[in-house]
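K.L.:
One file is attached below, start_15.txt, containing compact mmCIF, C-alpha atoms.
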# COMPACT_ATOMS: atom_id res chain seq x y z
CA MET A 1 25.46 -9.42 31.05
CA ASP A 2 24.65 -6.53 33.39
CA CYS A 3 21.25 -4.86 33.77
CA GLN A 4 22.20 -1.84 31.64
CA THR A 5 23.20 -4.01 28.69
CA ALA A 6 20.18 -6.25 29.15
CA ARG A 7 17.83 -3.27 29.08
CA HIS A 8 19.41 -2.10 25.87
CA TYR A 9 18.13 -5.30 24.27
CA LEU A 10 14.84 -5.58 26.13
CA ASP A 11 13.06 -3.39 23.64
CA CYS A 12 13.78 -6.01 20.99
CA LEU A 13 12.44 -8.76 23.14
CA HIS A 14 9.26 -7.49 24.66
CA ASP A 15 7.27 -7.70 21.46
CA GLY A 16 8.89 -10.96 20.47
CA ASN A 17 10.99 -9.26 17.85
CA ILE A 18 14.32 -10.91 18.45
CA ASP A 19 15.87 -10.67 14.99
CA PRO A 20 17.52 -7.29 15.45
CA ILE A 21 19.54 -8.66 18.30
CA ASP A 22 21.17 -11.00 15.84
CA ASP A 23 21.51 -8.20 13.33
CA VAL A 24 23.43 -5.93 15.63
CA SER A 25 25.33 -8.48 17.65
CA ASN A 26 26.59 -10.63 14.78
CA HIS A 27 28.75 -13.30 16.41
CA PHE A 28 28.05 -12.22 19.93
CA PRO A 29 25.75 -14.69 21.74
CA VAL A 30 23.44 -11.97 23.02
CA ARG A 31 20.26 -13.98 22.91
CA ALA A 32 21.41 -16.69 25.30
CA GLU A 33 23.03 -14.19 27.64
CA LEU A 34 19.91 -12.07 27.74
CA ALA A 35 17.71 -15.07 28.45
CA ASP A 36 20.09 -16.09 31.21
CA HIS A 37 20.07 -12.59 32.69
CA LEU A 38 16.28 -12.39 32.64
CA ALA A 39 15.99 -15.76 34.33
CA HIS A 40 17.95 -14.42 37.28
CA CYS A 41 16.98 -10.75 37.43
CA ASP A 42 13.51 -9.96 38.75
CA MET A 43 13.91 -6.23 38.11
CA CYS A 44 14.64 -6.66 34.42
CA GLN A 45 11.85 -9.19 34.10
CA GLN A 46 9.44 -6.74 35.70
CA LEU A 47 10.64 -3.99 33.38
CA LEU A 48 9.97 -6.23 30.41
CA GLU A 49 6.41 -6.86 31.61
CA GLU A 50 5.81 -3.15 32.24
CA TRP A 51 7.02 -2.22 28.78
CA GLY A 52 4.66 -4.82 27.39
CA GLN A 53 1.74 -3.30 29.28
CA PHE A 54 2.69 0.20 28.14
CA ASP A 55 2.92 -0.99 24.54
CA ARG A 56 -0.49 -2.60 24.69
CA ARG A 57 -1.99 0.57 26.16
CA MET A 58 -0.34 2.72 23.50
CA TYR A 59 -1.48 0.42 20.71
CA SER A 60 -5.02 0.42 22.01
CA MET A 61 -5.16 4.24 22.25
CA LEU A 62 -3.55 4.82 18.87
CA MET A 63 -6.06 2.47 17.26
CA SER A 64 -9.07 4.05 18.90
CA SER A 65 -8.92 7.59 17.55
CA PRO A 66 -12.27 8.45 15.94
CA ILE A 67 -12.85 8.12 12.21
CA PRO A 68 -14.79 10.96 10.54
CA PRO A 69 -18.31 9.87 9.61
CA GLY A 70 -18.75 9.08 5.92
CA LEU A 71 -15.01 8.84 5.24
CA GLU A 72 -15.25 5.36 3.71
CA ASP A 73 -17.99 6.45 1.28
CA ARG A 74 -16.06 9.58 0.31
CA LEU A 75 -12.92 7.55 -0.36
CA LEU A 76 -14.82 5.01 -2.45
CA ARG A 77 -16.31 7.84 -4.51
CA ASP A 78 -12.86 9.42 -4.94
CA VAL A 79 -11.24 6.20 -6.12
CA ASP A 80 -14.12 5.50 -8.51
CA ALA A 81 -13.68 8.96 -10.04
CA GLU A 82 -9.93 8.43 -10.30
CA LEU A 83 -10.29 5.02 -11.94
CA ALA A 84 -12.88 6.39 -14.37
CA ALA A 85 -10.58 9.26 -15.31
CA LEU A 86 -7.62 6.94 -15.75
CA SER A 87 -9.71 4.69 -17.93
CA GLN A 88 -11.06 7.56 -20.01
CA ILE A 89 -7.88 9.42 -20.81
CA SER A 90 -6.27 6.60 -22.67
CA SER A 91 -7.76 3.91 -24.80
CA ALA A 92 -4.42 2.12 -24.80
CA PRO A 93 -4.49 -1.04 -22.69
CA ARG A 94 -2.73 -0.62 -19.40
CA GLN A 95 0.00 -2.98 -18.42
CA SER A 96 -2.36 -5.68 -17.34
CA GLY A 97 -0.31 -8.47 -18.81
CA LYS A 98 -1.86 -10.90 -16.39
CA PHE A 99 -4.25 -12.67 -18.68
CA ARG A 100 -2.97 -15.61 -20.60
CA TRP A 101 -5.43 -15.09 -23.44
CA TRP A 102 -4.28 -11.50 -23.75
CA THR A 103 -0.67 -12.60 -23.96
CA ALA A 104 -1.64 -15.23 -26.48
CA SER A 105 -3.56 -12.67 -28.52
CA LEU A 106 -0.56 -10.39 -28.59
CA LEU A 107 1.65 -13.23 -29.72
CA LEU A 108 -0.83 -14.11 -32.46
CA ALA A 109 -0.97 -10.49 -33.58
CA SER A 110 2.81 -10.26 -33.57
CA VAL A 111 3.15 -13.40 -35.68
CA LEU A 112 0.63 -12.10 -38.21
CA LEU A 113 2.40 -8.79 -38.42
CA MET A 114 5.75 -10.48 -38.86
CA LEU A 115 4.32 -12.61 -41.65
CA LEU A 116 3.24 -9.45 -43.36
CA GLY A 117 6.82 -8.34 -43.19
CA GLY A 118 6.02 -5.11 -41.42
CA ALA A 119 6.59 -6.07 -37.85
CA TRP A 120 9.59 -3.85 -37.32
CA HIS A 121 7.68 -0.86 -38.58
CA LEU A 122 4.44 -1.49 -36.77
CA SER A 123 5.92 -2.60 -33.46
CA ARG A 124 6.53 1.01 -32.40
CA THR A 125 3.92 2.05 -29.83
CA PRO A 126 1.98 4.90 -31.35
CA ASP A 127 1.53 7.97 -29.23
CA GLU A 128 -2.05 8.43 -28.10
CA ILE A 129 -4.25 11.41 -28.82
CA LEU A 130 -5.84 12.01 -25.44
CA ASN A 131 -9.30 13.23 -24.61
CA PHE A 132 -9.14 16.67 -23.02
CA ASN A 133 -12.13 16.10 -20.72
CA GLY A 134 -10.63 12.89 -19.37
CA ALA A 135 -7.28 14.57 -18.87
CA GLY A 136 -9.07 17.45 -17.15
CA GLN A 137 -10.75 15.07 -14.72
CA LEU A 138 -7.47 13.42 -13.87
CA LEU A 139 -5.72 16.75 -13.41
CA ALA A 140 -8.62 18.03 -11.30
CA SER A 141 -8.43 14.98 -9.06
CA ARG A 142 -4.82 15.87 -8.35
CA PHE A 143 -4.73 19.64 -8.42
CA LEU A 144 -8.18 20.93 -7.52
CA LYS A 145 -7.37 20.97 -3.83
CA SER A 146 -4.85 23.38 -2.40
CA ASN A 147 -2.75 20.67 -0.79
CA SER A 148 -2.41 18.82 -4.06
CA ALA A 149 0.46 16.41 -4.47
CA TRP A 150 2.76 18.89 -6.20
CA GLU A 151 5.85 17.46 -4.58
CA ASP A 152 5.18 14.05 -6.13
CA LEU A 153 5.86 15.41 -9.60
CA ASP A 154 9.12 15.19 -11.47
CA ARG A 155 10.68 18.23 -13.06
CA PHE A 156 9.38 18.99 -16.56
CA ASP A 157 11.53 17.00 -18.96
CA GLY A 158 11.06 19.27 -21.97
CA GLY A 159 9.25 16.50 -23.84
CA PHE A 160 7.15 19.04 -25.74
CA ASP A 161 7.56 22.64 -26.73
CA LEU A 162 6.22 25.11 -24.17
CA GLY A 163 6.22 27.70 -26.97
CA SER A 164 4.91 31.11 -26.05
CA TYR A 165 3.74 30.35 -22.53
CA HIS A 166 5.86 33.23 -21.21
CA ASP A 167 3.78 35.66 -23.28
CA ASP A 168 0.47 34.10 -22.37
CA LEU A 169 1.20 33.80 -18.65
CA GLY A 170 3.29 36.93 -18.28
CA LEU A 171 1.07 38.30 -15.52
CA PHE A 172 1.64 35.30 -13.30
CA GLN A 173 4.50 34.57 -10.99
CA LEU A 174 5.34 31.00 -11.90
CA SER A 175 7.36 28.27 -10.25
CA ALA A 176 9.76 26.13 -12.26
CA PRO A 177 7.70 23.69 -14.35
CA HIS A 178 7.08 20.13 -13.25
CA GLY A 179 5.68 17.46 -15.55
CA ILE A 180 2.93 14.85 -15.44
CA ASP A 181 2.28 11.73 -17.50
CA LEU A 182 -1.39 11.42 -18.47
CA GLY A 183 -0.95 8.14 -20.28
CA GLY A 184 -0.27 9.29 -23.81
CA GLY A 185 2.74 7.04 -24.20
CA ARG A 186 5.19 9.88 -24.70
CA GLY A 187 6.28 10.43 -21.13
CA GLN A 188 5.10 13.73 -19.72
CA ASP A 189 1.93 15.06 -21.36
CA ALA A 190 1.54 18.29 -19.40
CA ALA A 191 3.72 20.87 -17.70
CA VAL A 192 2.55 21.99 -14.27
CA PHE A 193 3.30 25.33 -12.61
CA GLN A 194 2.43 26.73 -9.22
CA PHE A 195 1.29 30.30 -9.74
CA GLY A 196 0.68 33.44 -7.79
CA MET A 197 -0.89 36.64 -8.99
CA LYS A 198 -2.05 39.46 -6.73
CA GLY A 199 -4.60 37.74 -4.48
CA TRP A 200 -4.77 34.49 -6.45
CA LYS A 201 -2.81 31.30 -6.02
CA GLY A 202 -3.08 27.87 -7.56
CA ILE A 203 -1.85 25.48 -10.21
CA ILE A 204 -1.64 26.01 -13.96
CA THR A 205 -1.23 23.03 -16.25
CA VAL A 206 -0.03 23.54 -19.81
CA LEU A 207 -0.95 20.95 -22.45
CA PRO A 208 0.26 20.76 -26.05
CA SER A 209 -2.99 21.14 -28.02
CA GLN A 210 -1.94 18.78 -30.79
CA HIS A 211 -1.98 15.85 -28.37
CA PHE A 212 -5.60 16.33 -27.28
CA THR A 213 -9.10 16.20 -28.70
CA GLY A 214 -12.17 18.07 -27.45
CA LEU A 215 -10.26 21.23 -26.60
CA PRO A 216 -11.85 24.53 -25.49
CA ASP A 217 -12.16 27.33 -28.01
CA VAL A 218 -9.08 29.38 -28.78
CA GLY A 219 -8.64 32.33 -26.46
CA LEU A 220 -11.93 32.02 -24.62
CA PRO A 221 -11.67 31.25 -20.92
CA ASN A 222 -14.25 28.82 -19.75
CA VAL A 223 -15.21 29.14 -16.12
CA GLN A 224 -18.47 28.28 -14.42
CA PRO A 225 -19.64 30.54 -11.59
CA GLY A 226 -18.71 29.03 -8.26
CA HIS A 227 -16.12 26.73 -9.79
CA SER A 228 -12.40 27.11 -9.40
CA VAL A 229 -11.22 25.93 -12.81
CA LEU A 230 -10.33 28.07 -15.81
CA GLN A 231 -9.44 26.67 -19.19
CA TRP A 232 -8.38 28.45 -22.35
CA ARG A 233 -6.06 28.11 -25.33
CA SER A 234 -3.05 30.18 -26.19
CA SER A 235 -3.38 32.89 -28.82
CA ASP A 236 -1.70 30.67 -31.42
CA GLY A 237 -3.76 27.67 -30.32
CA LYS A 238 -0.72 25.48 -29.77
CA LEU A 239 -1.04 25.32 -26.00
CA THR A 240 -4.06 24.71 -23.78
CA TYR A 241 -4.12 26.01 -20.22
CA LEU A 242 -6.05 24.43 -17.39
CA CYS A 243 -5.87 26.53 -14.25
CA PHE A 244 -6.96 25.40 -10.76
CA VAL A 245 -7.50 28.35 -8.46
CA HIS A 246 -6.86 27.61 -4.79
CA LYS A 247 -7.00 31.13 -3.43
CA GLY A 248 -9.25 33.82 -4.82
CA SER A 249 -12.17 33.68 -7.22
CA ALA A 250 -11.66 31.96 -10.56
CA ALA A 251 -14.30 34.18 -12.18
CA ALA A 252 -12.54 37.30 -10.92
CA LEU A 253 -9.24 35.94 -12.24
CA ALA A 254 -10.84 35.39 -15.65
CA GLU A 255 -12.07 38.94 -15.57
CA GLU A 256 -8.62 40.19 -14.63
CA LEU A 257 -6.95 38.19 -17.40
CA PHE A 258 -9.45 38.59 -20.18
CA GLY A 259 -11.64 41.47 -19.14
CA LEU A 260 -14.64 39.19 -19.25
CA LEU A 261 -17.52 38.88 -16.84
CA THR A 262 -18.23 35.19 -16.75
CA MET B 263 -9.21 -8.94 -36.35
CA GLY B 264 -12.70 -8.27 -34.96
CA PHE B 265 -12.45 -11.34 -32.78
CA LEU B 266 -9.20 -10.10 -31.27
CA LYS B 267 -10.58 -6.59 -30.78
CA ASP B 268 -13.65 -7.91 -28.97
CA HIS B 269 -11.47 -9.88 -26.62
CA VAL B 270 -9.16 -6.96 -26.02
CA VAL B 271 -12.14 -4.78 -25.11
CA GLU B 272 -13.48 -7.50 -22.85
CA SER B 273 -10.11 -7.90 -21.20
CA GLU B 274 -9.87 -4.17 -20.57
CA ALA B 275 -13.32 -4.19 -19.02
CA ALA B 276 -12.43 -7.21 -16.91
CA SER B 277 -9.14 -5.63 -15.90
CA GLU B 278 -10.88 -2.38 -14.94
CA ALA B 279 -13.48 -4.25 -12.93
CA ALA B 280 -10.73 -6.20 -11.21
CA SER B 281 -8.83 -2.99 -10.44
CA ARG B 282 -11.97 -1.43 -9.01
CA GLU B 283 -12.61 -4.47 -6.85
CA ILE B 284 -9.01 -4.46 -5.57
CA VAL B 285 -9.07 -0.76 -4.75
CA HIS B 286 -12.49 -0.96 -3.09
CA ARG B 287 -11.35 -3.86 -0.95
CA LEU B 288 -8.20 -1.94 -0.11
CA VAL B 289 -10.21 1.09 0.98
CA ARG B 290 -12.60 -0.97 3.08
CA ASP B 291 -9.82 -2.99 4.74
CA GLU B 292 -7.26 -0.27 5.35
CA TYR B 293 -8.86 3.17 5.46
CA GLN B 294 -9.22 3.27 9.22
CA ILE B 295 -5.61 2.43 9.99
CA VAL B 296 -4.36 4.70 7.19
CA TYR B 297 -6.46 7.56 8.53
CA ARG B 298 -5.33 7.00 12.10
CA PHE B 299 -1.68 6.87 11.08
CA ALA B 300 -2.13 10.09 9.08
CA TYR B 301 -3.86 11.74 12.02
CA ARG B 302 -1.11 10.79 14.46
CA LEU B 303 1.49 12.08 12.03
CA SER B 304 -0.18 15.35 11.13
CA GLY B 305 -2.18 16.09 14.28
CA SER B 306 -5.05 17.43 12.19
CA HIS B 307 -8.21 15.65 11.11
CA ALA B 308 -8.44 17.71 7.90
CA ASP B 309 -4.84 16.94 6.93
CA ALA B 310 -5.32 13.30 7.86
CA GLU B 311 -8.30 13.02 5.52
CA ASP B 312 -6.35 14.63 2.67
CA LEU B 313 -3.37 12.34 3.26
CA THR B 314 -5.67 9.33 3.33
CA GLN B 315 -7.28 10.41 0.07
CA GLN B 316 -3.87 10.92 -1.55
CA ALA B 317 -2.75 7.45 -0.48
CA PHE B 318 -5.75 5.74 -2.07
CA LEU B 319 -5.60 7.84 -5.24
CA GLN B 320 -1.98 6.78 -5.64
CA ALA B 321 -3.12 3.22 -5.09
CA CYS B 322 -5.42 3.65 -8.11
CA ARG B 323 -2.53 4.89 -10.24
CA LYS B 324 -0.10 2.19 -9.15
CA ILE B 325 -2.44 -0.72 -8.80
CA GLU B 326 -0.01 -2.95 -10.71
CA GLN B 327 2.45 -2.70 -7.84
CA LEU B 328 -0.15 -4.14 -5.52
CA ARG B 329 -1.03 -6.86 -7.99
CA ALA B 330 2.67 -7.67 -8.16
CA GLY B 331 2.51 -8.70 -4.53
CA GLU B 332 3.45 -5.60 -2.56
CA ARG B 333 2.08 -5.73 0.94
CA ALA B 334 -0.73 -3.22 0.94
CA ARG B 335 -0.50 -1.73 4.40
CA PRO B 336 3.22 -0.80 4.49
CA TRP B 337 2.84 0.43 0.93
CA LEU B 338 -0.06 2.73 1.86
CA LEU B 339 1.58 3.96 5.06
CA THR B 340 4.76 4.74 3.14
CA ILE B 341 2.72 6.89 0.75
CA VAL B 342 1.14 8.69 3.70
CA ARG B 343 4.50 9.26 5.36
CA ASN B 344 6.10 10.54 2.14
CA CYS B 345 3.15 12.81 1.36
CA PHE B 346 3.25 14.15 4.88
CA LEU B 347 6.98 14.87 4.79
CA LYS B 348 6.75 16.41 1.35
CA SER B 349 3.72 18.53 2.14
CA CYS B 350 5.49 19.90 5.18
CA GLN B 351 8.79 20.17 3.32
CA ARG B 352 10.36 18.64 6.34
CA GLN B 353 12.58 16.13 4.67
CA LYS B 354 15.59 18.28 5.34
CA HIS B 355 14.91 17.83 9.04
CA TRP B 356 15.12 14.08 8.81
CA GLY B 357 18.59 14.22 10.28
CA LEU B 358 18.89 14.55 14.01
CA PRO B 359 17.44 17.89 15.09
CA ASP B 360 19.46 20.35 17.11
CA LYS B 361 16.95 20.16 19.87
CA GLU B 362 17.27 16.41 20.14
CA VAL B 363 19.33 16.94 23.25
CA GLU B 364 16.35 18.70 24.82
CA TRP B 365 14.40 15.57 24.15
CA MET B 366 16.85 13.23 25.82
CA ALA B 367 14.65 11.52 28.32
CA GLU B 368 15.60 11.14 31.89
CA ALA B 369 15.23 7.53 32.91
CA VAL B 370 12.03 7.25 34.89
CA SER B 371 11.12 4.41 37.15
CA SER B 372 7.36 4.87 37.15
CA TRP B 373 4.79 4.38 34.41
CA PRO B 374 2.02 6.63 33.13
CA GLU B 375 -1.40 5.24 33.88
CA GLU B 376 -3.99 7.95 33.52
CA PHE B 377 -3.06 9.64 30.26
CA ASP B 378 -5.83 10.31 27.82
CA GLU B 379 -6.23 10.69 24.08
CA GLU B 380 -5.55 14.44 24.09
CA GLN B 381 -2.39 14.14 26.16
CA LEU B 382 -1.08 11.39 23.95
CA GLN B 383 -1.65 13.45 20.82
CA GLN B 384 0.04 16.48 22.41
CA VAL B 385 3.10 14.44 23.28
CA LEU B 386 3.27 12.91 19.81
CA GLN B 387 3.03 16.32 18.17
CA GLU B 388 5.82 17.65 20.37
CA MET B 389 8.14 14.78 19.52
CA PRO B 390 10.74 15.40 16.80
CA GLU B 391 9.92 13.44 13.67
CA VAL B 392 13.10 11.39 13.90
CA PHE B 393 11.52 9.73 16.91
CA ARG B 394 7.83 10.08 16.10
CA ILE B 395 7.87 8.34 12.72
CA PRO B 396 9.72 5.17 13.82
CA VAL B 397 7.50 4.96 16.89
CA LEU B 398 4.31 5.28 14.84
CA LEU B 399 5.55 2.78 12.25
CA HIS B 400 6.36 0.40 15.10
CA TYR B 401 2.89 0.63 16.66
CA PHE B 402 0.80 0.90 13.51
CA GLU B 403 2.51 -1.68 11.39
CA GLU B 404 4.25 -3.77 13.98
CA LEU B 405 7.21 -3.64 11.64
CA SER B 406 10.49 -5.23 12.54
CA TYR B 407 13.51 -3.01 13.06
CA LYS B 408 14.86 -4.30 9.78
CA GLU B 409 11.69 -3.26 7.93
CA ILE B 410 11.61 0.20 9.53
CA SER B 411 15.30 0.59 8.74
CA HIS B 412 14.58 -0.30 5.10
CA LEU B 413 11.57 2.01 4.87
CA LEU B 414 13.34 5.01 6.36
CA ASN B 415 16.71 4.21 4.80
CA VAL B 416 18.42 4.53 8.17
CA PRO B 417 20.85 1.98 9.66
CA ILE B 418 19.23 -0.62 11.88
CA GLY B 419 21.28 0.36 14.91
CA THR B 420 20.06 3.94 14.55
CA ILE B 421 16.46 2.74 14.30
CA MET B 422 16.83 0.64 17.43
CA SER B 423 18.26 3.60 19.26
CA ARG B 424 15.61 6.05 18.02
CA LEU B 425 12.77 3.68 18.71
CA ALA B 426 13.97 2.90 22.22
CA ARG B 427 14.53 6.58 22.96
CA GLY B 428 11.26 7.53 21.28
CA LYS B 429 9.31 5.18 23.50
CA GLU B 430 11.19 6.34 26.54
CA LEU B 431 10.33 9.90 25.57
CA LEU B 432 6.68 9.01 25.23
CA ARG B 433 6.73 7.45 28.63
CA SER B 434 8.51 10.32 30.37
CA ARG B 435 6.46 13.06 28.66
CA LEU B 436 3.21 11.29 29.47
CA MET B 437 4.36 11.07 33.08
CA GLU B 438 4.96 14.82 33.06
CA LYS B 439 1.51 15.49 31.61
CA GLU B 440 -0.02 13.24 34.22
CA ALA B 441 1.81 15.05 36.99
CA VAL B 442 0.66 18.45 35.72
CA ALA B 443 -2.92 17.25 35.37
CA SER B 444 -2.99 15.78 38.86
CA SER B 445 -1.49 18.93 40.41
CA GLN B 446 -4.23 21.04 38.75
CA SER B 447 -7.09 18.81 39.78
CA PRO B 448 -8.89 19.81 42.99
As structure tokens, please, write out the structure in this file.

P.N.:
Amino acid sequence: MDCQTARHYLDCLHDGNIDPIDDVSNHFPVRAELADHLAHCDMCQQLLEEWGQFDRRMYSMLMSSPIPPGLEDRLLRDVDAELAALSQISSAPRQSGKFRWWTASLLLASVLLMLLGGAWHLSRTPDEILNFNGAGQLLASRFLKSNSAWEDLDRFDGGFDLGSYHDDLGLFQLSAPHGIDLGGGRGQDAAVFQFGMKGWKGIITVLPSQHFTGLPDVGLPNVQPGHSVLQWRSSDGKLTYLCFVHKGSAAALAEELFGLLT
Amino acid sequence: MGFLKDHVVESEAASEAASREIVHRLVRDEYQIVYRFAYRLSGSHADAEDLTQQAFLQACRKIEQLRAGERARPWLLTIVRNCFLKSCQRQKHWGLPDKEVEWMAEAVSSWPEEFDEEQLQQVLQEMPEVFRIPVLLHYFEELSYKEISHLLNVPIGTIMSRLARGKELLRSRLMEKEAVASSQSP
């Protein structure tokens, strides 16, 4: 093995990570040849040591960049809020499935139901009626900030009727709808649009009213001064809109849409 | 059925408490490395904090994957990397960039010694992502070539080549920065 070939494989060796050599060389006895070359070539040996030093320096510098003060506390608060919202929006048990007693309880329930002769009918998972406030918290945790994880969403699957949203949101420039599962057991529970309108930008979520409790009043936008969330129901009440304003004032947007000073 | 209902409620509460404990431990153990990885990817402290937050919020939503034995750190760093690529809409650039040739490093015989944090970050930000991401995964996770290849869905030979060239680029660009800095110093 010459120095050029040896150096090609040195990168695999210097951190003790020899496996790839086998992966790429297959039946070629690279490992033994490389070891033999290194035993007789001071220059390649020195190069290996220098790469090791460089790696250690790089690792040390990459791991020493400063952490913003209070970040840990902020993250813990964020995850607590997320877990609370996830817990609140659905009373259906999540897929824990880890507890033996829970499995046993399910089996017992299934047996009882079968004995009653209605197992086939009752075994269908009922769709959940979700709590609007809980859903709002979950949606806010995802879409309140301008760099929200829009790209993580799948396209809207048409799982519920978007009805007259074109009429209600006619003033907005809307993206194609994406969809989000809030835990109602039906698949996607809300359609999500990116919107633009004059000086405003943000996210509008559209929820089928019949799947939620605790909804805002029909037609009345609800926005608190200083907050960036608007919520209202469509004129026929069938849809509920929850709008997160990333650019521009939410209160001014409400005024523009509904002629209301809020 | 009251007995069963009581136990179901208790199990939900226990499960929620267990989830909270898992996520809290995850945050405490991993937030620094997740943040630093996000910062080196994005080059911005604000973006890094958002990416870190997104990673842990996704951890809350997919906690069952972690319970099922996924290794937490690669899992979190994959979320950060995907969020970063998606937020920048750079996935289409994941192929070799046209300017890769410009980044072909000349073999250098010397080693950078005096580079600082700022120079390192500059060089990383200037590197095309096809090199930067494998290099960062290599240093942050100490992943094997096989694991990086699997994560990035790129053949192992390509990863070896990009990692070797990426590190050579780091070295040569840091040497250049050092040379410029020393020529400007009195």

K.L.:
Could you tell me how far CA of Arg424 (chain B) lies from CA of Met389 (chain B), in Å and to one decimal?

P.N.:
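CA of Arg424 (chain B) sits 11.6 Å away from CA of Met389 (chain B).
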
K.L.:
Please, which residues of chain B lie no more than 8 Å from chain A when the count uses only C-alpha atoms, and can they be set out as a PyMOL selection string?

P.N.:
chain B and resi 266+269-270+273-274+277-278+282+285-286+289-290+293-295+297-298+302+311-312+315-316+318-319+322-323+326+345+348-349+373+379+401-402+406-408+418-419+426

K.L.:
Quick one: residues within 10 Å of region 194-199 of chain A, only C-alpha atoms counted, chain neighbours fewer than 6 positions away excluded, as a list in words?

P.N.:
Trp150, Leu169, Leu171, Phe172, Gln173, Leu174, Ser175, Ala176, Pro177, His178, Thr205, Cys243, Phe244, Val245, His246, Lys247, Gly248, Ser249 and Leu253 of chain A

K.L.:
Would you compute the distance between CA of Ala317 (chain B) and CA of Gln137 (chain A)? Give it in Å to one decimal.

P.N.:
18.0 Å

K.L.:
At what distance in Å, to one decimal, does CA of Leu139 (chain A) lie from CA of Arg186 (chain A)?

P.N.:
17.1 Å

K.L.:
Compile the contact shell of Leu162 (chain A) as number ranges by chain: residues with an atom at most 8 Å away, counting only C-alpha atoms, same-chain residues fewer than 6 positions apart removed.

P.N.:
A: 206, 208, 239
